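What follows is the content of target_27.txt, which has compact mmCIF, C-alpha atoms:
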# COMPACT_ATOMS: atom_id res chain seq x y z
CA MET A 1 15.76 0.32 -10.48
CA THR A 2 12.19 -0.54 -11.40
CA HIS A 3 11.77 -4.17 -10.45
CA LEU A 4 13.18 -6.69 -8.01
CA HIS A 5 12.30 -10.10 -6.67
CA VAL A 6 11.58 -10.32 -2.94
CA ASP A 7 14.55 -12.67 -2.63
CA GLU A 8 16.83 -9.97 -4.08
CA LEU A 9 15.99 -7.49 -1.33
CA ASP A 10 18.36 -6.79 1.56
CA ARG A 11 17.86 -9.27 4.40
CA ILE A 12 18.31 -7.71 7.81
CA GLU A 13 17.90 -10.07 10.73
CA LEU A 14 16.73 -8.15 13.75
CA ASP A 15 17.28 -8.88 17.41
CA ASP A 16 13.68 -9.99 17.84
CA GLY A 17 14.44 -12.93 15.56
CA PHE A 18 12.75 -12.01 12.31
CA GLU A 19 14.15 -10.87 8.99
CA TRP A 20 13.22 -7.51 7.55
CA ARG A 21 13.29 -7.13 3.78
CA PRO A 22 12.96 -3.42 3.07
CA ILE A 23 10.80 -2.81 0.00
CA ARG A 24 9.95 0.85 0.54
CA ARG A 25 13.59 1.82 0.97
CA ALA A 26 14.67 -0.29 -2.01
CA PHE A 27 12.47 1.72 -4.37
CA ASP A 28 12.39 4.94 -2.30
CA ILE A 29 8.60 4.77 -2.24
CA ARG A 30 7.18 7.91 -0.64
CA ALA A 31 3.44 7.37 -0.94
CA PHE A 32 2.84 4.35 1.31
CA GLY A 33 4.49 1.91 3.68
CA VAL A 34 5.43 -1.52 2.36
CA ASN A 35 7.91 -4.13 3.51
CA ALA A 36 8.37 -7.90 3.58
CA TYR A 37 9.27 -10.18 6.46
CA ALA A 38 10.75 -13.66 6.64
CA PRO A 39 11.40 -15.85 9.66
CA GLY A 40 14.71 -15.52 11.44
CA ALA A 41 16.29 -17.68 14.10
CA THR A 42 13.23 -17.76 16.34
CA GLY A 43 10.68 -18.45 13.60
CA ARG A 44 8.95 -15.16 14.23
CA VAL A 45 7.92 -13.49 10.97
CA VAL A 46 5.91 -10.51 12.22
CA GLU A 47 7.02 -8.72 15.36
CA GLU A 48 4.46 -8.74 18.14
CA HIS A 49 3.39 -5.11 18.36
CA SER A 50 0.56 -2.60 18.12
CA GLU A 51 0.36 0.43 15.85
CA SER A 52 -0.94 2.72 18.59
CA THR A 53 1.91 5.20 18.25
CA LEU A 54 1.70 5.59 14.47
CA GLY A 55 -2.04 5.02 14.10
CA HIS A 56 -1.54 2.79 11.08
CA GLU A 57 -4.03 0.43 9.50
CA GLU A 58 -2.08 -2.61 8.30
CA ILE A 59 -2.51 -5.48 5.87
CA TYR A 60 -0.36 -8.60 6.21
CA LEU A 61 -0.50 -10.79 3.12
CA VAL A 62 1.20 -14.19 3.12
CA LEU A 63 3.08 -14.34 -0.18
CA ARG A 64 4.38 -17.88 0.36
CA GLY A 65 4.62 -20.50 3.06
CA ARG A 66 2.38 -20.54 6.08
CA ALA A 67 2.17 -18.52 9.30
CA ARG A 68 0.23 -18.48 12.54
CA PHE A 69 -0.98 -14.96 13.25
CA THR A 70 -2.11 -13.84 16.67
CA VAL A 71 -4.34 -10.76 16.62
CA ASP A 72 -5.83 -9.45 19.83
CA GLY A 73 -5.18 -12.84 21.38
CA ASN A 74 -6.90 -14.83 18.62
CA GLU A 75 -4.90 -17.28 16.50
CA HIS A 76 -5.34 -17.65 12.74
CA GLU A 77 -3.29 -19.93 10.50
CA LEU A 78 -2.81 -18.38 7.07
CA GLY A 79 -1.36 -19.74 3.84
CA ALA A 80 -0.26 -18.10 0.60
CA GLY A 81 -2.80 -15.62 -0.73
CA GLU A 82 -4.46 -15.15 2.65
CA LEU A 83 -4.28 -11.94 4.63
CA VAL A 84 -5.17 -10.25 7.84
CA PHE A 85 -6.29 -6.63 7.82
CA VAL A 86 -5.81 -4.96 11.20
CA GLN A 87 -7.88 -1.79 11.14
CA ASP A 88 -7.62 -0.97 14.84
CA PRO A 89 -4.09 0.31 15.53
CA ALA A 90 -4.39 -0.61 19.21
CA LEU A 91 -4.68 -4.35 18.58
CA ARG A 92 -1.58 -6.36 19.28
CA ARG A 93 -0.56 -8.54 16.40
CA GLY A 94 2.31 -10.85 15.44
CA ALA A 95 3.05 -14.02 13.50
CA ILE A 96 5.16 -17.15 13.71
CA ALA A 97 6.22 -18.88 10.49
CA LEU A 98 5.11 -22.48 10.12
CA THR A 99 7.38 -23.14 7.14
CA ASP A 100 10.95 -21.99 6.52
CA ASP A 101 10.08 -20.29 3.24
CA THR A 102 7.33 -18.10 4.69
CA LEU A 103 7.24 -14.55 3.41
CA VAL A 104 4.77 -11.91 4.57
CA LEU A 105 4.08 -8.65 2.78
CA ALA A 106 3.13 -5.81 5.14
CA LEU A 107 1.33 -2.68 3.95
CA GLY A 108 0.56 0.18 6.28
CA GLY A 109 -0.44 3.79 6.58
CA LYS A 110 -2.50 6.26 8.56
CA PRO A 111 -5.94 7.11 7.18
CA GLY A 112 -6.52 10.76 6.38
CA ALA A 113 -2.84 11.71 6.44
CA PRO A 114 -0.10 11.86 3.79
CA HIS A 115 2.31 8.99 4.21
CA VAL A 116 5.34 9.72 6.34
CA THR A 117 8.28 7.35 6.30
CA SER A 118 8.46 5.58 9.65
CA ALA A 119 11.47 6.49 11.76
CA TRP A 120 11.99 2.85 12.75
CA GLU A 121 13.04 2.00 9.19
CA ALA A 122 16.32 3.90 9.61
CA MET A 123 16.97 2.16 12.94
CA PHE A 124 16.36 -1.25 11.37
CA ALA A 125 18.48 -0.35 8.34
CA ALA A 126 21.40 0.67 10.56
CA VAL A 127 21.48 -2.66 12.41
CA PRO A 128 24.03 -4.35 10.08
CA ALA A 129 26.38 -1.36 10.30
CA GLY A 130 26.13 -1.43 14.09
CA ARG A 131 26.78 -5.17 14.25
CA GLU A 132 29.85 -4.78 12.05
CA GLY A 133 31.17 -1.83 14.04
CA ARG A 134 30.76 0.57 11.14
CA TRP A 135 29.74 3.34 13.52
CA ALA A 136 30.23 6.19 11.07
CA ASP A 137 27.75 4.54 8.67
CA ALA A 138 25.24 3.83 11.43
CA ILE A 139 25.53 7.40 12.72
CA ARG A 140 25.06 8.84 9.23
CA MET A 141 21.88 6.79 8.68
CA HIS A 142 20.42 8.09 11.93
CA GLU A 143 21.40 11.67 11.11
CA GLU A 144 19.72 11.40 7.71
CA ALA A 145 16.57 10.02 9.32
CA LEU A 146 16.57 12.87 11.85
CA GLU A 147 16.50 15.35 8.96
CA GLU A 148 13.18 13.77 8.00
CA HIS A 149 12.02 13.33 11.62
CA PRO A 150 13.50 16.27 13.54
CA GLY A 151 13.57 15.67 17.27
CA ASN A 152 12.35 12.07 17.07
CA ALA A 153 13.25 10.74 20.52
CA ALA A 154 13.77 7.11 19.49
CA LEU A 155 16.12 8.17 16.70
CA LEU A 156 18.01 10.50 19.05
CA TYR A 157 18.39 7.69 21.58
CA ASN A 158 19.64 5.23 18.98
CA LEU A 159 21.96 7.84 17.50
CA ALA A 160 23.38 8.37 20.98
CA CYS A 161 23.95 4.59 21.27
CA MET A 162 25.91 4.58 18.00
CA GLU A 163 27.91 7.65 19.01
CA SER A 164 28.72 6.13 22.39
CA ARG A 165 29.99 2.95 20.77
CA GLY A 166 31.70 4.92 18.02
CA GLY A 167 33.86 7.04 20.30
CA ARG A 168 31.90 10.28 20.15
CA PRO A 169 31.02 10.78 23.84
CA LEU A 170 30.07 14.45 23.68
CA ASP A 171 27.66 13.91 20.76
CA ALA A 172 26.24 10.84 22.52
CA ILE A 173 25.54 12.78 25.73
CA LEU A 174 24.01 15.65 23.77
CA HIS A 175 21.61 13.43 21.83
CA LEU A 176 20.74 11.24 24.80
CA THR A 177 19.97 14.38 26.79
CA GLN A 178 17.69 15.57 23.99
CA ALA A 179 15.85 12.24 24.01
CA VAL A 180 15.49 12.24 27.81
CA SER A 181 14.16 15.80 27.75
CA GLN A 182 11.23 14.54 25.69
CA ASP A 183 10.48 11.47 27.78
CA PRO A 184 12.19 10.32 31.00
CA LYS A 185 11.75 6.69 29.92
CA TRP A 186 14.87 7.07 27.77
CA SER A 187 16.87 7.77 30.92
CA GLU A 188 15.58 4.52 32.40
CA TYR A 189 16.53 2.63 29.22
CA ALA A 190 19.96 4.25 29.15
CA ALA A 191 20.64 3.29 32.76
CA ARG A 192 20.72 -0.42 31.79
CA ASP A 193 21.77 -0.16 28.13
CA PRO A 194 25.31 -1.55 27.61
CA ASP A 195 25.70 0.72 24.56
CA PHE A 196 26.28 3.52 27.03
CA ASP A 197 28.93 1.75 29.13
CA PRO A 198 31.74 3.66 27.37
CA ILE A 199 30.29 7.03 28.40
CA ARG A 200 28.51 6.23 31.65
CA PRO A 201 31.28 7.80 33.80
CA GLU A 202 31.28 11.00 31.75
CA PRO A 203 30.01 14.18 33.42
CA GLY A 204 26.54 15.08 32.26
CA PHE A 205 25.48 11.52 31.46
CA PRO A 206 21.70 11.82 31.92
CA ALA A 207 20.88 8.53 33.58
CA MET B 1 -14.86 -7.10 10.59
CA ASN B 2 -14.01 -9.09 13.68
CA ASP B 3 -13.57 -6.47 16.42
CA GLY B 4 -11.08 -4.32 14.58
CA TYR B 5 -9.53 -6.86 12.25
CA ARG B 6 -10.46 -9.23 9.48
CA VAL B 7 -8.95 -12.39 8.01
CA LEU B 8 -9.66 -13.38 4.43
CA SER B 9 -8.23 -14.96 1.31
CA LEU B 10 -7.80 -13.19 -2.01
CA ASP B 11 -9.97 -16.05 -3.30
CA ASP B 12 -12.83 -14.85 -1.08
CA LEU B 13 -13.04 -11.60 -3.04
CA GLU B 14 -15.55 -11.02 -5.82
CA ARG B 15 -14.21 -11.46 -9.34
CA LEU B 16 -15.45 -8.44 -11.25
CA PRO B 17 -14.92 -8.18 -15.01
CA SER B 18 -14.43 -4.78 -16.61
CA THR B 19 -17.07 -3.55 -19.04
CA ASP B 20 -14.95 -4.61 -22.01
CA GLY B 21 -14.19 -7.95 -20.38
CA GLU B 22 -10.44 -7.38 -20.62
CA LEU B 23 -9.73 -7.14 -16.88
CA THR B 24 -10.82 -8.84 -13.68
CA LEU B 25 -10.71 -6.91 -10.43
CA LEU B 26 -10.56 -8.51 -6.99
CA PRO B 27 -11.77 -5.46 -5.02
CA LEU B 28 -9.66 -5.77 -1.89
CA ARG B 29 -9.64 -2.16 -0.65
CA ARG B 30 -13.37 -1.69 -0.99
CA THR B 31 -14.14 -5.06 0.57
CA ILE B 32 -12.12 -4.49 3.73
CA GLY B 33 -12.55 -0.71 3.94
CA PHE B 34 -8.83 0.06 3.93
CA GLN B 35 -8.41 3.86 3.94
CA PRO B 36 -4.72 4.90 3.95
CA PHE B 37 -4.03 4.27 0.23
CA GLY B 38 -5.18 2.29 -2.77
CA VAL B 39 -4.69 -1.48 -2.81
CA ASN B 40 -6.41 -4.02 -5.04
CA ALA B 41 -5.70 -7.31 -6.75
CA TRP B 42 -6.14 -8.15 -10.43
CA LEU B 43 -6.63 -11.59 -11.87
CA GLY B 44 -5.54 -13.07 -15.17
CA ALA B 45 -7.59 -16.25 -15.22
CA ASN B 46 -5.88 -17.55 -18.34
CA ALA B 47 -2.43 -17.12 -19.80
CA GLY B 48 -2.61 -14.27 -22.28
CA ASP B 49 -5.18 -12.29 -20.28
CA GLN B 50 -4.41 -8.71 -19.44
CA VAL B 51 -3.80 -8.43 -15.69
CA ILE B 52 -2.80 -4.78 -15.42
CA GLU B 53 -4.27 -2.50 -18.07
CA ARG B 54 -1.93 -0.45 -20.22
CA HIS B 55 -1.93 3.03 -18.67
CA PRO B 56 0.47 5.76 -17.57
CA GLU B 57 -1.15 6.68 -14.20
CA GLN B 58 -1.33 10.35 -15.14
CA GLY B 59 -3.10 11.14 -11.88
CA GLY B 60 0.22 11.34 -10.04
CA ASP B 61 0.13 8.08 -8.09
CA GLU B 62 3.29 6.05 -7.67
CA GLU B 63 2.46 2.36 -7.77
CA LEU B 64 3.91 -0.93 -6.67
CA TYR B 65 2.80 -4.18 -8.27
CA VAL B 66 3.42 -7.48 -6.49
CA VAL B 67 3.05 -10.76 -8.36
CA VAL B 68 1.26 -12.91 -5.78
CA ARG B 69 0.89 -16.08 -7.85
CA GLY B 70 1.08 -17.27 -11.42
CA ARG B 71 3.45 -15.39 -13.69
CA ALA B 72 3.19 -12.18 -15.69
CA THR B 73 4.97 -10.39 -18.48
CA PHE B 74 5.35 -6.78 -17.45
CA THR B 75 6.02 -3.82 -19.69
CA LEU B 76 7.26 -0.70 -17.98
CA GLY B 77 8.18 2.12 -20.31
CA ASP B 78 10.44 0.59 -22.95
CA GLU B 79 11.33 -2.48 -20.85
CA THR B 80 9.53 -5.83 -20.98
CA PHE B 81 10.38 -8.53 -18.44
CA ASP B 82 9.25 -11.81 -16.94
CA ALA B 83 7.72 -11.52 -13.47
CA PRO B 84 7.44 -14.74 -11.45
CA PRO B 85 5.70 -14.83 -8.05
CA GLY B 86 7.39 -12.50 -5.60
CA THR B 87 8.32 -9.92 -8.23
CA LEU B 88 7.95 -6.30 -7.16
CA VAL B 89 7.48 -3.68 -9.88
CA HIS B 90 7.70 0.02 -9.04
CA ALA B 91 6.11 2.46 -11.48
CA LEU B 92 6.36 6.22 -11.17
CA PRO B 93 3.54 8.46 -12.42
CA GLY B 94 3.59 8.95 -16.17
CA THR B 95 5.37 5.67 -16.89
CA LEU B 96 3.39 3.49 -19.24
CA ARG B 97 2.84 0.07 -17.69
CA GLU B 98 0.99 -3.16 -18.53
CA ALA B 99 1.03 -6.79 -17.42
CA ILE B 100 -0.13 -9.86 -19.30
CA ALA B 101 -0.62 -13.21 -17.56
CA ALA B 102 2.00 -15.73 -18.62
CA ASP B 103 0.38 -18.51 -16.56
CA ASP B 104 -3.23 -19.32 -15.76
CA ASP B 105 -4.56 -17.95 -12.46
CA THR B 106 -2.10 -15.08 -12.19
CA VAL B 107 -2.82 -12.59 -9.42
CA VAL B 108 -1.08 -9.22 -9.12
CA LEU B 109 -1.52 -6.89 -6.16
CA ALA B 110 -1.52 -3.18 -7.07
CA VAL B 111 -0.71 -0.58 -4.43
CA GLY B 112 -0.84 3.13 -5.17
CA ALA B 113 -1.02 6.64 -3.82
CA GLN B 114 0.37 10.10 -4.44
CA ALA B 115 3.36 11.06 -2.32
CA GLY B 116 2.73 13.91 0.06
CA GLU B 117 -1.03 13.85 -0.37
CA VAL B 118 -3.88 12.53 1.73
CA TRP B 119 -5.24 9.53 -0.15
CA GLU B 120 -8.87 9.60 -1.20
CA SER B 121 -10.74 7.03 -3.21
CA ALA B 122 -10.76 8.38 -6.76
CA GLY B 123 -14.20 6.97 -7.44
CA TRP B 124 -13.13 4.59 -10.20
CA GLU B 125 -13.49 1.64 -7.85
CA ASP B 126 -17.13 2.51 -7.19
CA PHE B 127 -17.99 2.78 -10.85
CA TYR B 128 -16.00 -0.30 -11.79
CA VAL B 129 -17.98 -2.31 -9.24
CA ALA B 130 -21.29 -0.68 -10.25
CA PHE B 131 -20.70 -1.48 -13.93
CA ALA B 132 -19.80 -5.06 -13.08
CA HIS B 133 -23.03 -5.45 -11.11
CA ARG B 134 -25.03 -4.03 -14.00
CA ALA B 135 -23.38 -6.41 -16.43
CA ALA B 136 -24.28 -9.28 -14.09
CA GLY B 137 -27.93 -8.18 -14.11
CA LYS B 138 -27.82 -6.58 -10.66
CA VAL B 139 -28.80 -3.13 -11.92
CA ASP B 140 -30.34 -1.89 -8.69
CA GLU B 141 -27.23 -2.84 -6.70
CA GLY B 142 -25.09 -1.06 -9.27
CA ARG B 143 -27.33 1.99 -9.20
CA ALA B 144 -27.07 2.20 -5.41
CA ILE B 145 -23.26 2.20 -5.67
CA VAL B 146 -23.45 4.97 -8.30
CA ALA B 147 -25.68 7.08 -6.05
CA ASP B 148 -23.31 6.57 -3.12
CA ALA B 149 -20.30 7.51 -5.25
CA LEU B 150 -21.99 10.69 -6.49
CA ALA B 151 -22.78 11.67 -2.92
CA ARG B 152 -19.18 11.06 -1.77
CA HIS B 153 -17.54 12.87 -4.70
CA PRO B 154 -19.70 15.93 -5.29
CA GLY B 155 -18.72 18.53 -7.84
CA THR B 156 -16.67 16.33 -10.16
CA TRP B 157 -17.45 15.82 -13.84
CA GLN B 158 -16.27 12.21 -13.74
CA GLY B 159 -19.04 11.12 -11.37
CA PRO B 160 -22.02 12.26 -13.44
CA TYR B 161 -20.29 11.27 -16.67
CA ASN B 162 -19.82 7.71 -15.43
CA ALA B 163 -23.34 7.74 -14.03
CA ALA B 164 -24.58 8.70 -17.51
CA CYS B 165 -22.65 5.77 -19.00
CA PHE B 166 -24.13 3.45 -16.38
CA GLU B 167 -27.70 4.55 -17.08
CA ALA B 168 -27.20 4.44 -20.85
CA LEU B 169 -26.04 0.86 -20.57
CA ALA B 170 -28.87 0.09 -18.13
CA GLY B 171 -31.42 1.50 -20.61
CA ASP B 172 -32.64 4.47 -18.57
CA ASP B 173 -32.12 7.21 -21.14
CA ASP B 174 -33.82 9.92 -19.10
CA ALA B 175 -31.46 9.35 -16.19
CA ALA B 176 -28.51 9.11 -18.57
CA PHE B 177 -29.25 12.49 -20.13
CA ALA B 178 -29.82 14.07 -16.73
CA HIS B 179 -26.39 12.94 -15.54
CA LEU B 180 -24.77 13.88 -18.84
CA ALA B 181 -26.19 17.39 -18.61
CA VAL B 182 -24.58 17.79 -15.19
CA ALA B 183 -21.25 16.56 -16.53
CA VAL B 184 -21.42 18.93 -19.51
CA GLY B 185 -22.19 21.78 -17.15
CA ARG B 186 -19.05 21.04 -15.12
CA ALA B 187 -16.58 20.30 -17.92
CA PRO B 188 -18.07 21.14 -21.32
CA ALA B 189 -14.87 20.88 -23.37
CA ILE B 190 -13.80 17.55 -21.86
CA ILE B 191 -17.22 15.97 -22.27
CA ALA B 192 -17.61 17.28 -25.81
CA LYS B 193 -14.26 15.68 -26.67
CA HIS B 194 -14.88 12.25 -25.11
CA ALA B 195 -18.61 11.61 -25.24
CA PRO B 196 -19.03 11.23 -29.03
CA ASP B 197 -16.48 8.38 -29.10
CA ASP B 198 -17.62 6.63 -25.93
CA PRO B 199 -19.23 3.31 -26.84
CA ASP B 200 -21.25 3.36 -23.60
CA LEU B 201 -23.05 6.46 -24.87
CA MET B 202 -23.30 5.53 -28.54
CA ARG B 203 -26.96 4.58 -28.37
CA LEU B 204 -27.91 8.00 -27.02
CA GLN B 205 -26.60 9.80 -30.09
CA SER B 206 -29.77 9.10 -32.06
CA ASP B 207 -31.88 10.84 -29.40
CA PRO B 208 -32.69 14.52 -30.15
CA ARG B 209 -31.52 15.43 -26.64
CA TRP B 210 -27.95 14.55 -27.67
CA ASN B 211 -27.80 17.33 -30.25
CA GLU B 212 -29.40 19.74 -27.83
CA LEU B 213 -26.65 18.99 -25.32
CA PHE B 214 -23.73 19.26 -27.72
CA ARG B 215 -24.90 21.80 -30.31
Render the structure in this file as structure tokens.
Amino acid sequence: MTHLHVDELDRIELDDGFEWRPIRRAFDIRAFGVNAYAPGATGRVVEEHSESTLGHEEIYLVLRGRARFTVDGNEHELGAGELVFVQDPALRRGAIALTDDTLVLALGGKPGAPHVTSAWEAMFAAVPAGREGRWADAIRMHEEALEEHPGNAALLYNLACMESRGGRPLDAILHLTQAVSQDPKWSEYAARDPDFDPIRPEPGFPA
Amino acid sequence: MNDGYRVLSLDDLERLPSTDGELTLLPLRRTIGFQPFGVNAWLGANAGDQVIERHPEQGGDEELYVVVRGRATFTLGDETFDAPPGTLVHALPGTLREAIAADDDTVVLAVGAQAGEVWESAGWEDFYVAFAHRAAGKVDEGRAIVADALARHPGTWQGPYNAACFEALAGDDDAAFAHLAVAVGRAPAIIAKHAPDDPDLMRLQSDPRWNELFR
């Protein structure tokens, strides 16, 4: 596949209320990060977040519609053809769509480093499989991502969630334990995460 | 830059024609100082204008083109297709690609980098902008960009070769020959192959120093 329209991309509505349209995955682009976002149920079109963990510089270009961006607490209303470049990864940024047809192109990468596919893409991509109870598919997507990001704690945690829901308690405990060994915060998350209800009574559950 | 971020419109960017007048660059990456990979916009002011030049990207970059507004006719390898706003076109290195504006005021965003490599500005942006300044009569501004590019990309043949072209077009033959001599010293076979057919350097061929350089 060499060309697609943004409206032909997969549309994955995420729990935070925005719709992810995966461009990089669609073309298997390896050299840079690129995705599109549309408003979901809440009207949010760009998740409120910083890039502190990944160290990315990001460009958000409004392809159509209109959105209100908040960057470092400052609001900017942008229309089609307007963009915000966030150079400082630590700045919190997000956007709310002002029209239903709003579409934002997001480009990102870390200066001075070869591009590495972000681990969160696999977690986002597995959301539909998880919602539909296709646990084997969701587990496979996480396992594939772990081959590219060995030991990634967030991926291990999410894999454990899928395994817990998918009837694989021993694998779930193993992977959750691996995540917790890297950062105790995953134990705190697991303690109140309903995904782990099926395995919470199991011996060795690390939370 | 507003404390770590910047808001702008593609219409705020300079509109820089190529030396042959076939292309118009909106120099996004250079304007905002984006460093992770290449990203620029190209304008086809009128239907029928070339928006993306015909080239195979032999340097190894994979590229994504995004039609931001207007409409373009893309050719990718053997395939030609209509590209309305919102079209994404992915081109692997070596694939011949071109886009022609099908509507007035067509803007295409071009994103590119080489997988697995740290991205570095290839220098073409600097020279493109320098040449555009020269053509607009802002020779000193263009010359300053050339000097900066040479300092940031030492040891290449492309830098001094393009600097020679710049000075030849600007009318400073002494500077042009000085740069050309450096380029010949770094890549004699490549320069000997390309220089005689380069229209930027044509005027220098009647100077005795040309034959001294290429004899």
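For region 98-105 of chain A, the set of protein, DNA and RNA residues having any atom at most 6 Å away, when counting only C-alpha atoms and skipping those fewer than 2 positions along the same chain, is Asn35, Ala36, Tyr37, Ala38, Tyr60, Leu61, Val62, Leu63, Arg64, Gly65, Arg66 and Ala67 of chain A.
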Deliver the residues from the most recent selection as a file, using C-alpha atoms, as a compact mmCIF listing (two decimals), in the frame of the given file.
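Below is the file that was written, out33.txt:
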# COMPACT_ATOMS: atom_id res chain seq x y z
CA ASN A 35 7.91 -4.13 3.51
CA ALA A 36 8.37 -7.90 3.58
CA TYR A 37 9.27 -10.18 6.46
CA ALA A 38 10.75 -13.66 6.64
CA TYR A 60 -0.36 -8.60 6.21
CA LEU A 61 -0.50 -10.79 3.12
CA VAL A 62 1.20 -14.19 3.12
CA LEU A 63 3.08 -14.34 -0.18
CA ARG A 64 4.38 -17.88 0.36
CA GLY A 65 4.62 -20.50 3.06
CA ARG A 66 2.38 -20.54 6.08
CA ALA A 67 2.17 -18.52 9.30
Need the shell around Arg93 (chain A): protein/DNA/RNA residues with any atom at most 8 Å away, counting only C-alpha atoms. Skip same-chain ones fewer than 4 positions apart. Format as an mmCIF file with C-alpha atoms, in the frame of the given file?
data_model
loop_
_atom_site.group_PDB
_atom_site.id
_atom_site.type_symbol
_atom_site.label_atom_id
_atom_site.label_comp_id
_atom_site.auth_asym_id
_atom_site.auth_seq_id
_atom_site.Cartn_x
_atom_site.Cartn_y
_atom_site.Cartn_z
ATOM 1 C CA VAL A 46 5.910 -10.510 12.220
ATOM 2 C CA GLU A 47 7.020 -8.720 15.360
ATOM 3 C CA GLU A 48 4.460 -8.740 18.140
ATOM 4 C CA HIS A 49 3.390 -5.110 18.360
ATOM 5 C CA SER A 50 0.560 -2.600 18.120
ATOM 6 C CA PHE A 69 -0.980 -14.960 13.250
ATOM 7 C CA THR A 70 -2.110 -13.840 16.670
ATOM 8 C CA VAL A 71 -4.340 -10.760 16.620
ATOM 9 C CA ASP A 72 -5.830 -9.450 19.830
#
Quick one: residues within 6 Å of Pro39 (chain A), only C-alpha atoms counted, chain neighbours fewer than 5 positions away excluded, as a PyMOL selection string?
-> chain A and resi 18-19+44-45
Produce a table with one row for each residue of chain B that has an atom at most 8 Å from any atom of chain A, each row naming the nearest atom pair and its distance in Å at one decimal; use all atoms listed in the file; arrange rows by chain and rising residue number; format as a tab-separated table.
residue	atom	partner	partner_atom	distance
B:Gly4	CA	A:Asp88	CA	4.8
B:Tyr5	CA	A:Val86	CA	4.3
B:Arg6	CA	A:Phe85	CA	5.2
B:Val7	CA	A:Val84	CA	4.3
B:Leu8	CA	A:Leu83	CA	5.6
B:Ser9	CA	A:Glu82	CA	4.0
B:Leu10	CA	A:Gly81	CA	5.7
B:Asp11	CA	A:Gly81	CA	7.6
B:Ile32	CA	A:Phe85	CA	7.4
B:Phe34	CA	A:Glu57	CA	7.4
B:Gln35	CA	A:Pro111	CA	5.2
B:Pro36	CA	A:Pro111	CA	4.1
B:Phe37	CA	A:Phe32	CA	7.0
B:Asp61	CA	A:Ala31	CA	7.9
B:Glu62	CA	A:Ala31	CA	6.9
B:Val68	CA	A:Leu63	CA	6.1
B:Gly86	CA	A:Val6	CA	5.4
B:Thr87	CA	A:His5	CA	4.3
B:Leu88	CA	A:Leu4	CA	5.3
B:Val89	CA	A:His3	CA	4.4
B:His90	CA	A:Thr2	CA	5.1
B:Ala91	CA	A:Thr2	CA	6.8
B:Gly112	CA	A:Ala31	CA	7.4
B:Ala113	CA	A:Ala31	CA	5.4
B:Gln114	CA	A:Ala31	CA	5.4
B:Ala115	CA	A:Ala31	CA	3.9
B:Gly116	CA	A:Pro114	CA	5.1
B:Glu117	CA	A:Pro114	CA	4.7
B:Val118	CA	A:Pro114	CA	4.4
B:Trp119	CA	A:Gly112	CA	6.8
In Å, with one decimal, what is the gap from CA of Arg168 (chain A) to CA of Leu14 (chain A)?
-> 24.7 Å
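Taking CA of Pro22 (chain A) and CA of Pro128 (chain A) as endpoints, the distance between them is 13.1 Å.
Separating CA of Ala99 (chain B) from CA of Glu14 (chain B) is a distance of 20.7 Å.
Those residues positioned at most 9 Å from (-0.5, -19.7, -13.4) are Gly44, Ala45, Asn46, Ala47, Arg69, Gly70, Arg71, Ala72, Ala101, Ala102, Asp103, Asp104, Asp105, Thr106 and Val107 of chain B, judged using only C-alpha atoms.
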